>>> print(open('structure_8.cif').read())   # mmCIF, C-alpha atoms
data_coords
loop_
_atom_site.group_PDB
_atom_site.id
_atom_site.type_symbol
_atom_site.label_atom_id
_atom_site.label_comp_id
_atom_site.auth_asym_id
_atom_site.auth_seq_id
_atom_site.Cartn_x
_atom_site.Cartn_y
_atom_site.Cartn_z
ATOM 1 C CA MET A 1 -51.503 -26.965 47.399
ATOM 2 C CA ALA A 2 -48.136 -25.452 46.691
ATOM 3 C CA ALA A 3 -47.731 -23.327 43.571
ATOM 4 C CA PRO A 4 -45.701 -24.990 40.772
ATOM 5 C CA MET A 5 -42.088 -23.894 40.555
ATOM 6 C CA VAL A 6 -41.190 -21.812 37.488
ATOM 7 C CA LYS A 7 -37.726 -22.311 35.992
ATOM 8 C CA GLN A 8 -35.777 -19.059 35.987
ATOM 9 C CA GLU A 9 -34.018 -18.067 32.750
ATOM 10 C CA PRO A 10 -30.431 -16.839 33.080
ATOM 11 C CA ALA A 11 -31.567 -13.308 32.305
ATOM 12 C CA GLU A 12 -28.600 -11.736 34.071
ATOM 13 C CA GLU A 13 -26.104 -13.507 31.809
ATOM 14 C CA ILE A 14 -28.026 -12.399 28.724
ATOM 15 C CA ASP A 15 -27.948 -8.846 30.100
ATOM 16 C CA ILE A 16 -24.178 -9.089 30.580
ATOM 17 C CA GLU A 17 -23.690 -10.215 26.981
ATOM 18 C CA SER A 18 -25.869 -7.383 25.706
ATOM 19 C CA LYS A 19 -23.911 -4.902 27.821
ATOM 20 C CA ILE A 20 -20.585 -6.216 26.493
ATOM 21 C CA ILE A 21 -21.800 -5.916 22.897
ATOM 22 C CA GLU A 22 -22.963 -2.372 23.621
ATOM 23 C CA LEU A 23 -19.598 -1.440 25.161
ATOM 24 C CA CYS A 24 -17.730 -2.877 22.172
ATOM 25 C CA SER A 25 -19.950 -0.919 19.773
ATOM 26 C CA GLN A 26 -19.032 2.275 21.631
ATOM 27 C CA ASN A 27 -15.318 1.364 21.603
ATOM 28 C CA PRO A 28 -14.407 -0.057 18.147
ATOM 29 C CA LYS A 29 -10.746 -0.529 19.130
ATOM 30 C CA GLY A 30 -11.722 -2.936 21.918
ATOM 31 C CA ILE A 31 -12.440 -3.024 25.643
ATOM 32 C CA SER A 32 -10.600 -4.594 28.568
ATOM 33 C CA ASP A 33 -11.992 -6.809 31.301
ATOM 34 C CA GLU A 34 -11.645 -3.847 33.658
ATOM 35 C CA VAL A 35 -14.089 -1.838 31.525
ATOM 36 C CA ILE A 36 -16.604 -4.702 31.681
ATOM 37 C CA LYS A 37 -16.123 -4.989 35.453
ATOM 38 C CA GLN A 38 -16.815 -1.269 35.945
ATOM 39 C CA SER A 39 -19.904 -1.351 33.712
ATOM 40 C CA VAL A 40 -21.510 -4.378 35.426
ATOM 41 C CA PRO A 41 -20.222 -4.217 39.039
ATOM 42 C CA GLN A 42 -23.134 -6.364 40.261
ATOM 43 C CA CYS A 43 -21.742 -9.408 38.393
ATOM 44 C CA ASP A 44 -18.940 -11.557 39.722
ATOM 45 C CA ILE A 45 -15.898 -12.720 37.755
ATOM 46 C CA GLN A 46 -17.425 -16.109 36.899
ATOM 47 C CA GLN A 47 -20.464 -14.485 35.297
ATOM 48 C CA ARG A 48 -18.255 -12.156 33.249
ATOM 49 C CA VAL A 49 -16.016 -15.013 32.117
ATOM 50 C CA THR A 50 -19.036 -17.127 31.108
ATOM 51 C CA ALA A 51 -20.544 -14.269 29.106
ATOM 52 C CA VAL A 52 -17.270 -13.407 27.361
ATOM 53 C CA ASN A 53 -16.524 -17.057 26.522
ATOM 54 C CA ARG A 54 -19.976 -17.482 25.005
ATOM 55 C CA LEU A 55 -19.503 -14.374 22.821
ATOM 56 C CA LEU A 56 -16.060 -15.593 21.740
ATOM 57 C CA SER A 57 -17.302 -19.107 20.938
ATOM 58 C CA THR A 58 -20.158 -17.731 18.830
ATOM 59 C CA ASN A 59 -17.724 -15.463 16.933
ATOM 60 C CA ARG A 60 -19.437 -12.268 18.045
ATOM 61 C CA LEU A 61 -16.256 -11.082 19.759
ATOM 62 C CA GLU A 62 -12.565 -11.450 18.965
ATOM 63 C CA LEU A 63 -9.643 -11.451 21.373
ATOM 64 C CA LEU A 64 -6.707 -9.076 20.853
ATOM 65 C CA LYS A 65 -3.489 -8.353 22.701
ATOM 66 C CA SER A 66 -2.268 -4.824 23.408
ATOM 67 C CA GLY A 67 1.053 -5.234 25.175
ATOM 68 C CA SER A 68 0.291 -7.466 28.151
ATOM 69 C CA LYS A 69 -3.402 -6.537 28.206
ATOM 70 C CA LEU A 70 -6.216 -8.521 26.592
ATOM 71 C CA LEU A 71 -8.896 -6.647 24.678
ATOM 72 C CA TYR A 72 -12.279 -7.733 23.349
ATOM 73 C CA ARG A 73 -13.575 -6.328 20.063
ATOM 74 C CA LEU A 74 -16.651 -6.873 17.919
ATOM 75 C CA LYS A 75 -16.001 -9.504 15.307
ATOM 76 C CA ASP A 76 -16.106 -8.775 11.587
ATOM 77 C CA PRO A 77 -18.592 -11.381 10.210
ATOM 78 C CA GLU A 78 -16.407 -12.026 7.158
ATOM 79 C CA ALA A 79 -13.260 -12.445 9.247
ATOM 80 C CA ALA A 80 -15.101 -14.899 11.474
ATOM 81 C CA LYS A 81 -15.713 -17.160 8.477
ATOM 82 C CA GLU A 82 -12.083 -16.866 7.337
ATOM 83 C CA VAL A 83 -10.454 -18.005 10.595
ATOM 84 C CA LYS A 84 -13.066 -20.562 11.586
ATOM 85 C CA GLY A 85 -11.469 -23.335 13.638
ATOM 86 C CA ALA A 86 -8.315 -21.352 14.435
ATOM 87 C CA ASP A 87 -6.993 -21.054 17.984
ATOM 88 C CA THR A 88 -6.779 -17.756 19.894
ATOM 89 C CA GLU A 89 -3.154 -16.930 18.995
ATOM 90 C CA GLU A 90 -3.815 -17.645 15.325
ATOM 91 C CA LYS A 91 -6.818 -15.324 15.365
ATOM 92 C CA VAL A 92 -4.760 -12.571 16.992
ATOM 93 C CA VAL A 93 -2.004 -12.857 14.360
ATOM 94 C CA PHE A 94 -4.561 -12.935 11.536
ATOM 95 C CA GLN A 95 -6.217 -9.751 12.817
ATOM 96 C CA ILE A 96 -2.870 -7.938 13.112
ATOM 97 C CA ILE A 97 -2.032 -8.826 9.511
ATOM 98 C CA LYS A 98 -5.503 -7.787 8.380
ATOM 99 C CA ASP A 99 -5.129 -4.385 10.070
ATOM 100 C CA ALA A 100 -1.887 -3.792 8.119
ATOM 101 C CA GLN A 101 -3.939 -3.854 4.882
ATOM 102 C CA ASN A 102 -2.030 -3.888 1.558
ATOM 103 C CA LYS A 103 1.170 -2.359 2.947
ATOM 104 C CA GLY A 104 1.795 -5.541 4.908
ATOM 105 C CA ILE A 105 3.601 -6.107 8.171
ATOM 106 C CA TRP A 106 6.832 -7.941 8.897
ATOM 107 C CA THR A 107 7.542 -10.587 11.500
ATOM 108 C CA ARG A 108 9.122 -8.323 14.101
ATOM 109 C CA GLU A 109 6.090 -6.021 14.217
ATOM 110 C CA ILE A 110 3.729 -9.006 14.454
ATOM 111 C CA ARG A 111 5.706 -10.328 17.434
ATOM 112 C CA MET A 112 5.548 -6.960 19.183
ATOM 113 C CA LYS A 113 1.823 -6.463 18.618
ATOM 114 C CA SER A 114 0.823 -10.042 19.422
ATOM 115 C CA ASN A 115 3.183 -10.310 22.408
ATOM 116 C CA LEU A 116 4.360 -13.704 21.116
ATOM 117 C CA LYS A 117 7.898 -14.187 22.425
ATOM 118 C CA ASN A 118 8.587 -17.546 20.805
ATOM 119 C CA ILE A 119 9.570 -17.033 17.152
ATOM 120 C CA GLN A 120 9.047 -20.741 16.398
ATOM 121 C CA VAL A 121 5.427 -20.498 17.520
ATOM 122 C CA LEU A 122 4.869 -17.409 15.380
ATOM 123 C CA ASN A 123 6.469 -19.034 12.319
ATOM 124 C CA LYS A 124 4.198 -22.064 12.760
ATOM 125 C CA ILE A 125 1.124 -19.805 12.935
ATOM 126 C CA LEU A 126 2.213 -17.913 9.805
ATOM 127 C CA LYS A 127 2.757 -21.184 7.911
ATOM 128 C CA ASN A 128 -0.684 -22.426 8.969
ATOM 129 C CA LEU A 129 -2.354 -19.231 7.772
ATOM 130 C CA GLU A 130 -0.403 -19.383 4.501
ATOM 131 C CA SER A 131 -1.389 -23.017 3.932
ATOM 132 C CA LYS A 132 -5.044 -22.029 4.370
ATOM 133 C CA LYS A 133 -4.491 -19.232 1.808
ATOM 134 C CA LEU A 134 -5.618 -16.623 4.312
ATOM 135 C CA ILE A 135 -2.353 -14.648 4.131
ATOM 136 C CA LYS A 136 0.645 -14.411 1.820
ATOM 137 C CA ALA A 137 4.277 -13.311 2.125
ATOM 138 C CA VAL A 138 5.471 -10.591 -0.253
ATOM 139 C CA LYS A 139 9.089 -9.534 -0.732
ATOM 140 C CA SER A 140 9.511 -5.814 -0.067
ATOM 141 C CA VAL A 141 11.764 -3.601 -2.204
ATOM 142 C CA ASN A 142 12.353 -1.276 0.748
ATOM 143 C CA ALA A 143 14.629 -3.638 2.660
ATOM 144 C CA SER A 144 16.743 -6.568 1.582
ATOM 145 C CA LYS A 145 15.768 -10.077 2.672
ATOM 146 C CA ARG A 146 12.560 -8.887 4.304
ATOM 147 C CA LYS A 147 9.097 -10.274 3.653
ATOM 148 C CA VAL A 148 5.878 -8.636 4.718
ATOM 149 C CA TYR A 149 2.600 -10.438 5.332
ATOM 150 C CA MET A 150 -0.839 -9.347 4.128
ATOM 151 C CA LEU A 151 -4.205 -10.924 3.401
ATOM 152 C CA TYR A 152 -4.094 -13.417 0.526
ATOM 153 C CA ASN A 153 -6.558 -11.566 -1.718
ATOM 154 C CA LEU A 154 -4.928 -8.121 -1.457
ATOM 155 C CA GLU A 155 -2.844 -6.431 -4.168
ATOM 156 C CA PRO A 156 0.380 -5.132 -2.563
ATOM 157 C CA ASP A 157 0.893 -1.381 -2.320
ATOM 158 C CA GLN A 158 3.489 0.181 -4.649
ATOM 159 C CA SER A 159 5.633 1.009 -1.629
ATOM 160 C CA VAL A 160 6.080 -2.769 -1.228
ATOM 161 C CA THR A 161 6.477 -3.897 -4.846
ATOM 162 C CA GLY A 162 8.211 -0.812 -6.253
ATOM 163 C CA GLY A 163 5.457 -0.333 -8.821
ATOM 164 C CA PRO A 164 5.777 -0.954 -12.569
ATOM 165 C CA TRP A 165 9.544 -0.368 -12.558
ATOM 166 C CA TYR A 166 10.137 -3.695 -10.816
ATOM 167 C CA SER A 167 9.723 -7.312 -11.803
ATOM 168 C CA ALA A 168 10.284 -9.957 -9.121
ATOM 169 C CA SER A 169 11.885 -7.203 -6.981
ATOM 170 C CA GLU A 170 14.408 -6.414 -9.740
ATOM 171 C CA PHE A 171 14.600 -2.898 -11.203
ATOM 172 C CA GLU A 172 13.706 -2.927 -14.933
ATOM 173 C CA SER A 173 16.245 -0.425 -16.297
ATOM 174 C CA GLU A 174 15.609 -1.261 -19.972
ATOM 175 C CA PHE A 175 11.864 -0.790 -19.551
ATOM 176 C CA VAL A 176 12.418 2.684 -18.069
ATOM 177 C CA GLU A 177 14.774 3.627 -20.915
ATOM 178 C CA ILE A 178 12.206 2.543 -23.520
ATOM 179 C CA LEU A 179 9.490 4.611 -21.857
ATOM 180 C CA ASN A 180 11.855 7.607 -21.685
ATOM 181 C CA ALA A 181 12.661 7.327 -25.390
ATOM 182 C CA GLN A 182 9.043 6.945 -26.499
ATOM 183 C CA ALA A 183 7.793 9.801 -24.326
ATOM 184 C CA HIS A 184 10.523 12.076 -25.692
ATOM 185 C CA LYS A 185 9.741 10.991 -29.254
ATOM 186 C CA PHE A 186 6.049 11.857 -28.761
ATOM 187 C CA LEU A 187 6.856 15.368 -27.507
ATOM 188 C CA GLN A 188 9.376 15.939 -30.291
ATOM 189 C CA GLN A 189 6.776 14.972 -32.907
ATOM 190 C CA ARG A 190 4.273 17.268 -31.199
ATOM 191 C CA ALA A 191 6.682 20.197 -31.634
ATOM 192 C CA ILE A 192 7.345 19.299 -35.280
ATOM 193 C CA ASP A 193 3.614 19.123 -36.083
ATOM 194 C CA ALA A 194 3.012 22.475 -34.373
ATOM 195 C CA GLN A 195 5.845 24.024 -36.454
ATOM 196 C CA LYS A 196 4.254 22.832 -39.683
ATOM 197 C CA VAL A 197 0.696 23.920 -38.878
ATOM 198 C CA TYR A 198 1.329 27.299 -37.232
ATOM 199 C CA VAL A 199 4.224 28.680 -39.262
ATOM 200 C CA ASP A 200 3.271 32.348 -38.863
ATOM 201 C CA GLU A 201 1.725 32.126 -35.413
ATOM 202 C CA PRO A 202 4.568 31.802 -32.882
ATOM 203 C CA TRP A 203 2.397 32.001 -29.761
ATOM 204 C CA THR A 204 -0.125 29.450 -31.021
ATOM 205 C CA ARG A 205 2.740 27.260 -32.224
ATOM 206 C CA LEU A 206 4.316 27.335 -28.770
ATOM 207 C CA GLN A 207 1.076 26.364 -27.024
ATOM 208 C CA ALA A 208 0.371 23.588 -29.535
ATOM 209 C CA SER A 209 3.779 22.019 -28.847
ATOM 210 C CA TYR A 210 2.826 21.293 -25.228
ATOM 211 C CA ALA A 211 1.172 18.077 -24.086
ATOM 212 C CA THR A 212 -0.137 16.819 -20.767
ATOM 213 C CA ALA A 213 1.071 13.706 -18.987
ATOM 214 C CA GLU A 214 -2.304 12.207 -19.854
ATOM 215 C CA ASP A 215 -1.614 12.778 -23.577
ATOM 216 C CA VAL A 216 1.749 11.031 -23.285
ATOM 217 C CA LEU A 217 0.237 8.187 -21.270
ATOM 218 C CA LYS A 218 -2.446 7.625 -23.903
ATOM 219 C CA TYR A 219 0.250 7.449 -26.616
ATOM 220 C CA ILE A 220 2.366 4.973 -24.612
ATOM 221 C CA THR A 221 -0.700 2.834 -23.846
ATOM 222 C CA ASN A 222 -1.695 2.700 -27.530
ATOM 223 C CA LEU A 223 1.815 1.536 -28.439
ATOM 224 C CA GLY A 224 1.304 -1.520 -26.234
ATOM 225 C CA ILE A 225 4.920 -1.563 -25.030
ATOM 226 C CA SER A 226 4.001 -1.881 -21.366
ATOM 227 C CA LYS A 227 2.766 -5.184 -19.947
ATOM 228 C CA VAL A 228 1.504 -3.402 -16.828
ATOM 229 C CA ASN A 229 -1.064 -0.645 -16.529
ATOM 230 C CA LEU A 230 0.743 2.656 -16.000
ATOM 231 C CA SER A 231 -0.904 5.361 -13.936
ATOM 232 C CA LEU A 232 -0.727 9.106 -14.501
ATOM 233 C CA LYS A 233 1.664 9.337 -11.553
ATOM 234 C CA ASP A 234 3.937 6.736 -13.195
ATOM 235 C CA MET A 235 3.984 8.767 -16.405
ATOM 236 C CA GLU A 236 4.852 11.950 -14.532
ATOM 237 C CA ALA A 237 7.817 10.123 -12.967
ATOM 238 C CA ILE A 238 9.102 9.243 -16.459
ATOM 239 C CA LEU A 239 8.615 12.832 -17.657
ATOM 240 C CA ASP A 240 10.508 14.075 -14.605
ATOM 241 C CA THR A 241 13.578 12.096 -15.687
ATOM 242 C CA LEU A 242 13.392 13.763 -19.117
ATOM 243 C CA ILE A 243 13.275 17.167 -17.404
ATOM 244 C CA TYR A 244 16.398 16.269 -15.415
ATOM 245 C CA ASP A 245 18.054 15.225 -18.702
ATOM 246 C CA GLY A 246 17.269 18.665 -20.147
ATOM 247 C CA LYS A 247 15.260 17.117 -23.000
ATOM 248 C CA ILE A 248 11.875 18.578 -22.093
ATOM 249 C CA GLU A 249 10.539 21.453 -20.019
ATOM 250 C CA LEU A 250 7.644 21.734 -17.608
ATOM 251 C CA SER A 251 5.070 24.506 -17.585
ATOM 252 C CA ALA A 252 1.516 24.972 -16.338
ATOM 253 C CA ARG A 253 -1.768 25.803 -17.963
ATOM 254 C CA THR A 254 -4.913 27.089 -16.296
ATOM 255 C CA ALA A 255 -7.702 24.524 -16.267
ATOM 256 C CA GLY A 256 -10.956 26.201 -15.285
ATOM 257 C CA SER A 257 -14.162 27.296 -16.885
ATOM 258 C CA VAL A 258 -14.724 30.965 -17.608
ATOM 259 C CA GLY A 259 -16.694 32.634 -14.831
ATOM 260 C CA SER A 260 -16.118 29.791 -12.404
ATOM 261 C CA THR A 261 -16.462 30.801 -8.752
ATOM 262 C CA SER A 262 -14.615 27.775 -7.395
ATOM 263 C CA GLY A 263 -11.238 29.103 -8.520
ATOM 264 C CA ASP A 264 -9.072 27.958 -11.410
ATOM 265 C CA SER A 265 -6.605 25.122 -11.051
ATOM 266 C CA SER A 266 -3.526 24.454 -13.136
ATOM 267 C CA ILE A 267 -2.344 21.354 -14.918
ATOM 268 C CA LYS A 268 1.206 20.358 -15.801
ATOM 269 C CA ILE A 269 2.173 20.548 -19.465
ATOM 270 C CA TYR A 270 5.384 19.406 -21.152
ATOM 271 C CA ARG A 271 7.216 20.139 -24.407
ATOM 272 C CA ALA A 272 10.424 18.989 -26.050
ATOM 273 C CA VAL A 273 13.331 21.462 -26.086
ATOM 274 C CA LYS A 274 16.685 21.600 -27.789
ATOM 275 C CA THR A 275 19.542 21.285 -25.337
ATOM 276 C CA LEU A 276 21.925 24.247 -25.437
ATOM 277 C CA SER A 277 24.715 22.363 -23.695
ATOM 278 C CA ASP A 278 25.802 18.828 -23.006
ATOM 279 C CA THR A 279 23.843 16.895 -20.420
ATOM 280 C CA SER A 280 25.340 17.142 -16.942
ATOM 281 C CA ALA A 281 27.462 14.261 -15.758
ATOM 282 C CA PHE A 282 24.979 13.349 -13.009
ATOM 283 C CA VAL A 283 22.037 12.614 -15.324
ATOM 284 C CA ARG A 284 24.244 10.352 -17.414
ATOM 285 C CA THR A 285 24.671 8.061 -14.424
ATOM 286 C CA PRO A 286 22.059 5.383 -13.579
ATOM 287 C CA CYS A 287 20.982 7.548 -10.620
ATOM 288 C CA GLY A 288 20.098 10.403 -12.952
ATOM 289 C CA VAL A 289 17.385 8.423 -14.740
ATOM 290 C CA CYS A 290 16.226 6.269 -11.850
ATOM 291 C CA PRO A 291 12.554 6.980 -10.993
ATOM 292 C CA VAL A 292 12.952 5.457 -7.519
ATOM 293 C CA ILE A 293 16.107 7.282 -6.420
ATOM 294 C CA SER A 294 14.193 8.638 -3.422
ATOM 295 C CA ARG A 295 14.001 5.072 -2.045
ATOM 296 C CA CYS A 296 17.723 4.400 -2.462
ATOM 297 C CA THR A 297 19.415 3.866 0.893
ATOM 298 C CA VAL A 298 22.764 2.491 2.015
ATOM 299 C CA ASP A 299 21.345 -0.668 3.630
ATOM 300 C CA GLY A 300 18.133 -1.091 1.636
ATOM 301 C CA LEU A 301 17.292 -3.386 -1.281
ATOM 302 C CA ILE A 302 17.696 -0.332 -3.513
ATOM 303 C CA SER A 303 21.258 0.650 -2.688
ATOM 304 C CA PRO A 304 24.334 2.020 -4.540
ATOM 305 C CA LYS A 305 26.349 -0.843 -3.046
ATOM 306 C CA THR A 306 24.190 -3.531 -4.695
ATOM 307 C CA CYS A 307 23.008 -1.652 -7.819
ATOM 308 C CA ILE A 308 24.027 -3.745 -10.841
ATOM 309 C CA TYR A 309 23.403 -0.796 -13.179
ATOM 310 C CA MET A 310 25.850 1.380 -11.257
ATOM 311 C CA LYS A 311 28.424 -1.437 -11.374
ATOM 312 C CA ASP A 312 28.000 -1.872 -15.152
ATOM 313 C CA TRP A 313 28.278 1.877 -15.661
ATOM 314 C CA LEU A 314 31.496 2.076 -13.628
ATOM 315 C CA ASP A 315 32.968 -0.945 -15.463
ATOM 316 C CA PHE A 316 32.130 0.693 -18.794
#
>>> encode(input="structure_8.cif", output="structure tokens")
Amino acid sequence: MAAPMVKQEPAEEIDIESKIIELCSQNPKGISDEVIKQSVPQCDIQQRVTAVNRLLSTNRLELLKSGSKLLYRLKDPEAAKEVKGADTEEKVVFQIIKDAQNKGIWTREIRMKSNLKNIQVLNKILKNLESKKLIKAVKSVNASKRKVYMLYNLEPDQSVTGGPWYSASEFESEFVEILNAQAHKFLQQRAIDAQKVYVDEPWTRLQASYATAEDVLKYITNLGISKVNLSLKDMEAILDTLIYDGKIELSARTAGSVGSTSGDSSIKIYRAVKTLSDTSAFVRTPCGVCPVISRCTVDGLISPKTCIYMKDWLDF
């Protein structure tokens, strides 16, 4: 009597899938088909294609394009849920935008990285992703008429929005002037209070007239004049404009415990000063009090040619 036939399981295919997963784990940026071929030379092209397609269909792998080469990378479980039902090109574009994080990426860079030549196809993909609320378009202050794309739930980086000095991509000159005035007022009052308390102690009076950027920020926050949360860096930018105006001066104070072995650090301190001469002509221009002058370029969104505050100043 012949022995019963036992059905063979496709163990080799399972081994190929395991090997591909292992290779992807060792190469987080992705692997090419050539890498798979070299790692499992005993398998033919059909077996490799079957294994890869199964991993793609079960959302364990994702397909990327690097120039003209296709790469396979381990799938982020959360991203797999987000782009469920999308086609391959849509998944590639989504991943490129995701990699750009909160600084975003503009259309030209997406085309280059995805290798999509047809702009109409790319625009359709972007609209589909926007309609699903997976991505969003944000206007960048760094270049006129340019939008960058990022994931829908991300807060844009300040390099994109311009930070608290901008509202709907427009520079808020009046807001900056109010902050300048209030910060100067706080430091002036600090000097007056120090004069009253330490009449016969000039050194102590001098030290008491200084304040940190954190002190000024706390005062501004308590006033409630800002609708956005200002950071310490934002406050230092405002204080810098007052230094350029000659209204305050910057010094440093050691901030370290006595006997510390880690080395003392210094913190910036500011105090109001009386100007000995008229303010220079430069700081009386809009450029002189602009906290984002470093981003001003000839062909950018922030530009002397399109600056309405410069135009008003020249007309005046």
>>> resolve_selection(input="structure_8.cif", expression="the PyMOL selection byres ((chain A and resi 177) around 12)", output="PyMOL selection string")
chain A and resi 165+171-176+178-184+225+238-239+241-242+286+288-291
>>> atom_distance(input="structure_8.cif", atom1="CA of Glu201 in chain A", atom2="CA of Gln189 in chain A")
18.1 Å
>>> atom_distance(input="structure_8.cif", atom1="CA of Tyr198 in chain A", atom2="CA of Ala272 in chain A")
16.6 Å
>>> atom_distance(input="structure_8.cif", atom1="CA of Tyr72 in chain A", atom2="CA of Asp33 in chain A")
8.0 Å
>>> closest_residue(input="structure_8.cif", among="A:Asp215, A:Asp157, A:Glu130, A:Glu90", to="Glu236 in chain A", atoms="all atoms listed in the file")
A:Asp215
>>> resolve_selection(input="structure_8.cif", expression="the PyMOL selection byres ((chain A and resi 50) around 12)", output="PyMOL selection string")
chain A and resi 10+12-14+16-17+20+43-49+51-57
>>> closest_residue(input="structure_8.cif", among="A:Asn115, A:Ser294, A:Asn27, A:Ser266", to="Thr254 in chain A", atoms="only C-alpha atoms")
A:Ser266
>>> resolve_selection(input="structure_8.cif", expression="the PyMOL selection byres ((chain A and resi 303) around 12)", output="PyMOL selection string")
chain A and resi 141-144+171+286-287+290+292-302+304-311
